[in-house]
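Engineer: Before anything else, here's the structure in question.
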Amino acid sequence: MDLTARVAMVTGGSSGIGRAVCLRLAQAGARVVIGYRGNRDGADTTAQAIRDKGWPEPATVRVDVTDAEDTQRVFGHVVRANGKLDILVNNAGVGQPSAVVPMNPVGEWAASVETNLLGTLHCIKASSLHMLVARSGSIVNISSIAGRVGIPGLSSYCASKAGIEGMTRALSREFAPYDVRVNAVAPGYTADTGMVDRIDDKRLREFLDRIAMKRLADAHEVANAVAFLASDEASYITGHTLVVDGGLTA
Ligand SMILES: NC(=O)c1ccc[n+]([C@@H]2O[C@H](COP(=O)([O-])OP(=O)(O)OC[C@H]3O[C@@H](n4cnc5c(N)ncnc54)[C@H](OP(=O)(O)O)[C@@H]3O)[C@@H](O)[C@H]2O)c1
């Protein structure tokens with residue numbers, strides 16, 4: 001995969017899957033803008049790892065994807081600074097198991113929808129006009145197996161990720177006339193990431209049992225799928241969700 005001279009923005013690049021995606025896109029030659037919300041040190045660590053490899057010089061930028069105005073401002077800055085935006089990876093996400101629905105305050109339930117679904121929308125709104133005018137671009141949204149199978153205690157997370165996949169399909173049709181592709185990657189449980197680190201050992205063992213390949217994903221395996229969809233190798237693929245789950249949903 002060759003992403004030489006492409007400019008890529010990755011939200012949530014300060015840890016986990018987002019960091020692996022930043023590294024993989026940079027390895028393929030892209031200039032990566034690493035988005036973070038609170039973990040500036042994490043974003044700097046991602047940037048340093050790219051510099052250590054001698055890949056194109058990255059940038060870091062603070063953006064809270066739940067804030068539509070902040071997102072518009074930051075993306076405007078990114079496009080002005082780089083002259084364009086070729087690739088957007090909507091990776092920023094939250095997901096915490098919570099109380100069963102009758103006991104779960106709506107505000108708490110809505111929090112993951114606000115970050116995962118509306119946050120993705122804000123980033124697409126803030127960047128897609130530039131892509132549509134340029135008649136070129138690739139957007140990759142990070143979904144989850146939770147967008148396809150139900151997980152008790154995670155109904156809001158499941159709804160947010162199913163929403164991302166529906167939005168991916170709809171926007172792929174809106175944007176196709178302008179040569180902008182919109183796809184998603186749905187990872188399974190991925191090692192050394194914030195989300196899996198928050199799952200207790202007993203529950204994680206139960207999940208492992210359901211994975212055909214009997215192991216967690218490595219974040220670079222998810223990042224490979226993202227880089228593929230972002231690249232011209234996937235030039236005839238749009239509206240698709242690529243599941244990277246070791247056979248969990250097979
Ligand atoms: N880990 C898994 O097994 C797994 C499986 C399926 C899908 N996913 C999806 O993959 C993505 C990454 O997961 P992960 O486990 O790697 O995450 P993680 O390590 O917990 O990191 C989450 C990232 O999202 C950022 N973020 C959270 N809220 C944000 C906001 N309002 N604005 C901007 N950035 C925000 C965080 O930024 P700061 O830390 O800088 O605040 C951080 O970089 C998520 O969309 C998740 O749903 C993960």
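If you're wondering about the labels, chains in the structure tokens are A, B, ... by order shown, residues count from 1 in each chain, ligands from 1 in order shown.
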Excluding stretch 72-74 of chain A and residues on its chain fewer than 3 positions from it, collect all residues at most 9 Å away from it, counting only C-alpha atoms, and give them as a ChimeraX atom specification.
Structural biologist: /A:61-63,67-69,77-79,122-123,125-127
Engineer: May I have the selected residues written with N, CA and C atoms, as a short mmCIF file (atom, residue, chain, number, x, y, z; two decimals), in the first residue's frame?
Structural biologist:
```cif
data_model
loop_
_atom_site.label_atom_id
_atom_site.label_comp_id
_atom_site.auth_asym_id
_atom_site.auth_seq_id
_atom_site.Cartn_x
_atom_site.Cartn_y
_atom_site.Cartn_z
N VAL A 61 -2.79 17.24 17.18
CA VAL A 61 -3.79 18.30 17.32
C VAL A 61 -4.85 17.88 18.34
N ARG A 62 -5.19 18.80 19.23
CA ARG A 62 -6.22 18.48 20.21
C ARG A 62 -7.59 18.73 19.60
N VAL A 63 -8.46 17.72 19.68
CA VAL A 63 -9.83 17.90 19.21
C VAL A 63 -10.77 17.02 20.03
N ASP A 67 -17.62 18.10 20.38
CA ASP A 67 -17.83 19.54 20.27
C ASP A 67 -17.80 19.92 18.77
N ALA A 68 -18.98 20.15 18.21
CA ALA A 68 -19.08 20.38 16.76
C ALA A 68 -18.26 21.61 16.33
N GLU A 69 -18.32 22.68 17.14
CA GLU A 69 -17.59 23.91 16.74
C GLU A 69 -16.08 23.70 16.79
N HIS A 77 -8.27 24.18 10.37
CA HIS A 77 -6.84 24.44 10.57
C HIS A 77 -5.99 23.37 9.88
N VAL A 78 -6.39 22.11 10.04
CA VAL A 78 -5.62 21.00 9.45
C VAL A 78 -5.58 21.13 7.93
N VAL A 79 -6.72 21.46 7.33
CA VAL A 79 -6.77 21.58 5.86
C VAL A 79 -5.93 22.78 5.40
N HIS A 122 -19.63 14.71 13.31
CA HIS A 122 -19.01 16.04 13.36
C HIS A 122 -17.73 16.07 12.52
N CYS A 123 -16.92 15.02 12.65
CA CYS A 123 -15.65 14.99 11.90
C CYS A 123 -15.90 14.90 10.40
N LYS A 125 -18.63 15.97 8.86
CA LYS A 125 -19.16 17.27 8.42
C LYS A 125 -18.03 18.29 8.25
N ALA A 126 -17.06 18.21 9.17
CA ALA A 126 -15.98 19.22 9.17
C ALA A 126 -14.96 18.99 8.07
N SER A 127 -14.92 17.78 7.48
CA SER A 127 -13.86 17.48 6.52
C SER A 127 -14.37 17.15 5.13
#
```
Engineer: Can I get the residues of chain A within 8 Å of ligand 1, each with the closest pair of atoms and their distance in Å to one decimal, using only C-alpha atoms and all ligand atoms, sorted chain first then ascending number, as CSV?
Structural biologist:
```
residue,atom,partner,partner_atom_place_in_ligand_line,distance
A:Thr11,CA,ligand 1,34 (N),5.8
A:Gly12,CA,ligand 1,43 (O),3.2
A:Gly13,CA,ligand 1,43 (O),4.9
A:Ser14,CA,ligand 1,43 (O),4.2
A:Ser15,CA,ligand 1,19 (O),4.6
A:Gly16,CA,ligand 1,16 (O),3.4
A:Ile17,CA,ligand 1,16 (O),3.8
A:Gly18,CA,ligand 1,16 (O),5.7
A:Arg19,CA,ligand 1,16 (O),7.7
A:Gly35,CA,ligand 1,34 (N),6.8
A:Tyr36,CA,ligand 1,40 (O),3.9
A:Arg37,CA,ligand 1,40 (O),3.8
A:Gly38,CA,ligand 1,41 (O),3.8
A:Asn39,CA,ligand 1,40 (O),3.6
A:Arg40,CA,ligand 1,40 (O),6.1
A:Gly42,CA,ligand 1,40 (O),6.9
A:Ala43,CA,ligand 1,40 (O),7.0
A:Arg62,CA,ligand 1,33 (C),7.7
A:Val63,CA,ligand 1,33 (C),5.5
A:Asp64,CA,ligand 1,32 (N),3.5
A:Val65,CA,ligand 1,32 (N),4.0
A:Thr66,CA,ligand 1,31 (N),5.0
A:Asp67,CA,ligand 1,31 (N),7.7
A:Asn90,CA,ligand 1,45 (O),7.4
A:Asn91,CA,ligand 1,45 (O),4.6
A:Ala92,CA,ligand 1,24 (O),3.6
A:Gly93,CA,ligand 1,45 (O),3.6
A:Val94,CA,ligand 1,27 (C),5.5
A:Gly95,CA,ligand 1,47 (O),6.3
A:Thr115,CA,ligand 1,31 (N),5.3
A:Asn116,CA,ligand 1,45 (O),6.5
A:Gly119,CA,ligand 1,31 (N),7.0
A:Ile142,CA,ligand 1,45 (O),5.3
A:Ser143,CA,ligand 1,7 (C),5.7
A:Ser144,CA,ligand 1,7 (C),4.0
A:Ile145,CA,ligand 1,6 (C),6.1
A:Ala146,CA,ligand 1,6 (C),7.1
A:Tyr157,CA,ligand 1,47 (O),7.8
A:Lys161,CA,ligand 1,47 (O),7.6
A:Ala186,CA,ligand 1,7 (C),6.2
A:Pro187,CA,ligand 1,6 (C),4.3
A:Gly188,CA,ligand 1,5 (C),4.8
A:Tyr189,CA,ligand 1,3 (O),3.5
A:Thr190,CA,ligand 1,3 (O),3.7
A:Ala191,CA,ligand 1,3 (O),6.5
A:Asp192,CA,ligand 1,1 (N),7.6
A:Thr193,CA,ligand 1,15 (O),4.2
A:Gly194,CA,ligand 1,20 (O),3.4
A:Met195,CA,ligand 1,15 (O),3.9
A:Val196,CA,ligand 1,3 (O),5.0
A:Asp197,CA,ligand 1,15 (O),8.0
A:Ala217,CA,ligand 1,3 (O),7.7
A:Ala219,CA,ligand 1,16 (O),7.8
```
Engineer: Among the residues of stretch 77-215 of chain A, find those DSSP assigns to strand (DSSP E) from the backbone and print them as a ChimeraX atom specification.
Structural biologist: /A:87-90,137-142,180-187
Engineer: Distance table requested - stretch 106-133 of chain A against stretch 168-179 of chain A, cut-off 12 Å, only C-alpha atoms: one row per qualifying residue with the closest atom pair and its distance in Å to one decimal, ordered by chain and rising residue number, as CSV.
Structural biologist:
```
residue,atom,partner,partner_atom,distance
A:Leu117,CA,A:Thr168,CA,10.7
A:Thr120,CA,A:Thr168,CA,10.1
A:Leu121,CA,A:Thr168,CA,10.0
A:Ile124,CA,A:Leu171,CA,9.6
A:Lys125,CA,A:Leu171,CA,10.9
A:Ser128,CA,A:Phe175,CA,8.7
A:Leu129,CA,A:Phe175,CA,9.9
A:His130,CA,A:Tyr178,CA,10.9
A:Met131,CA,A:Tyr178,CA,8.2
A:Leu132,CA,A:Tyr178,CA,5.5
A:Val133,CA,A:Tyr178,CA,7.8
```
Engineer: List as JSON, numbers by chain the protein and nucleic acid residues near A:Ile211, meaning an atom at most 9 Å away when only C-alpha atoms are counted, but skip any in the same chain fewer than 5 places from it.
Structural biologist: {"A": [188, 216, 245, 246, 247, 248, 249, 250]}
Engineer: Next, dump the selected residues to file, keeping only all heavy atoms, as a tab-separated table (two decimals), in the first residue's frame.
Structural biologist:
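Done, and the output landed in part19.tsv:
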```tsv
chain	number	residue	atom	x	y	z
A	188	GLY	N	-12.68	-6.84	16.43
A	188	GLY	CA	-13.05	-7.62	17.62
A	188	GLY	C	-12.18	-7.15	18.78
A	188	GLY	O	-11.58	-6.08	18.73
A	216	LEU	N	-6.78	-12.67	21.02
A	216	LEU	CA	-7.17	-11.29	20.75
A	216	LEU	C	-6.50	-10.82	19.45
A	216	LEU	O	-5.49	-11.41	19.02
A	216	LEU	CB	-6.73	-10.38	21.90
A	216	LEU	CG	-7.30	-10.72	23.28
A	216	LEU	CD1	-6.71	-9.77	24.33
A	216	LEU	CD2	-8.82	-10.63	23.29
A	245	ASP	N	-12.10	-9.78	13.26
A	245	ASP	CA	-12.46	-10.28	14.60
A	245	ASP	C	-12.01	-11.71	14.89
A	245	ASP	O	-12.52	-12.34	15.81
A	245	ASP	CB	-13.98	-10.16	14.81
A	245	ASP	CG	-14.76	-11.15	13.95
A	245	ASP	OD1	-14.15	-11.79	13.05
A	245	ASP	OD2	-15.97	-11.29	14.17
A	246	GLY	N	-11.07	-12.24	14.09
A	246	GLY	CA	-10.58	-13.60	14.34
A	246	GLY	C	-11.69	-14.65	14.28
A	246	GLY	O	-11.57	-15.72	14.88
A	247	GLY	N	-12.77	-14.31	13.56
A	247	GLY	CA	-13.86	-15.29	13.40
A	247	GLY	C	-14.89	-15.25	14.52
A	247	GLY	O	-15.75	-16.13	14.59
A	248	LEU	N	-14.87	-14.25	15.36
A	248	LEU	CA	-15.82	-14.20	16.49
A	248	LEU	C	-17.27	-14.20	16.01
A	248	LEU	O	-18.13	-14.85	16.60
A	248	LEU	CB	-15.54	-12.96	17.35
A	248	LEU	CG	-16.27	-12.91	18.69
A	248	LEU	CD1	-15.46	-12.13	19.71
A	248	LEU	CD2	-17.64	-12.28	18.60
A	249	THR	N	-17.53	-13.45	14.94
A	249	THR	CA	-18.92	-13.36	14.47
A	249	THR	C	-19.19	-14.34	13.32
A	249	THR	O	-20.26	-14.28	12.70
A	249	THR	CB	-19.24	-11.92	13.99
A	249	THR	OG1	-18.25	-11.53	13.03
A	249	THR	CG2	-19.26	-10.93	15.14
A	250	ALA	N	-18.22	-15.24	13.04
A	250	ALA	CA	-18.41	-16.17	11.92
A	250	ALA	C	-19.50	-17.18	12.27
A	250	ALA	O	-19.64	-17.55	13.43
A	250	ALA	CB	-17.11	-16.89	11.61
```
Engineer: Quote the spacing between atom CA of A:Thr4 and atom CA of A:Arg31 in Å to one decimal place.
Structural biologist: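 These atoms are spaced 8.0 Å apart.
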Engineer: If we count only C-alpha atoms, what is near A:Ala234 at a cut-off of 12 Å, once residues fewer than 5 positions away on the same chain are taken out, given as a ChimeraX atom specification?
Structural biologist: /A:1-2,137-140,180-183,225-229,239-240,242
Engineer: Can you list every residue in stretch 5-241 of chain A that DSSP puts in alpha helix (DSSP H), as a PyMOL selection string?
Structural biologist: chain A and resi 16-27+40-53+68-82+106-112+119-134+155-175+194-197+201-210+219-230
Engineer: Using only C-alpha atoms, can you tell me which of A:Phe207, A:Val32, A:Arg6, A:Ile237 comes closest to A:Lys84?
Structural biologist: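 Checking each of A:Phe207, A:Val32, A:Arg6, A:Ile237 against A:Lys84, counting only C-alpha atoms, the winner is A:Arg6.
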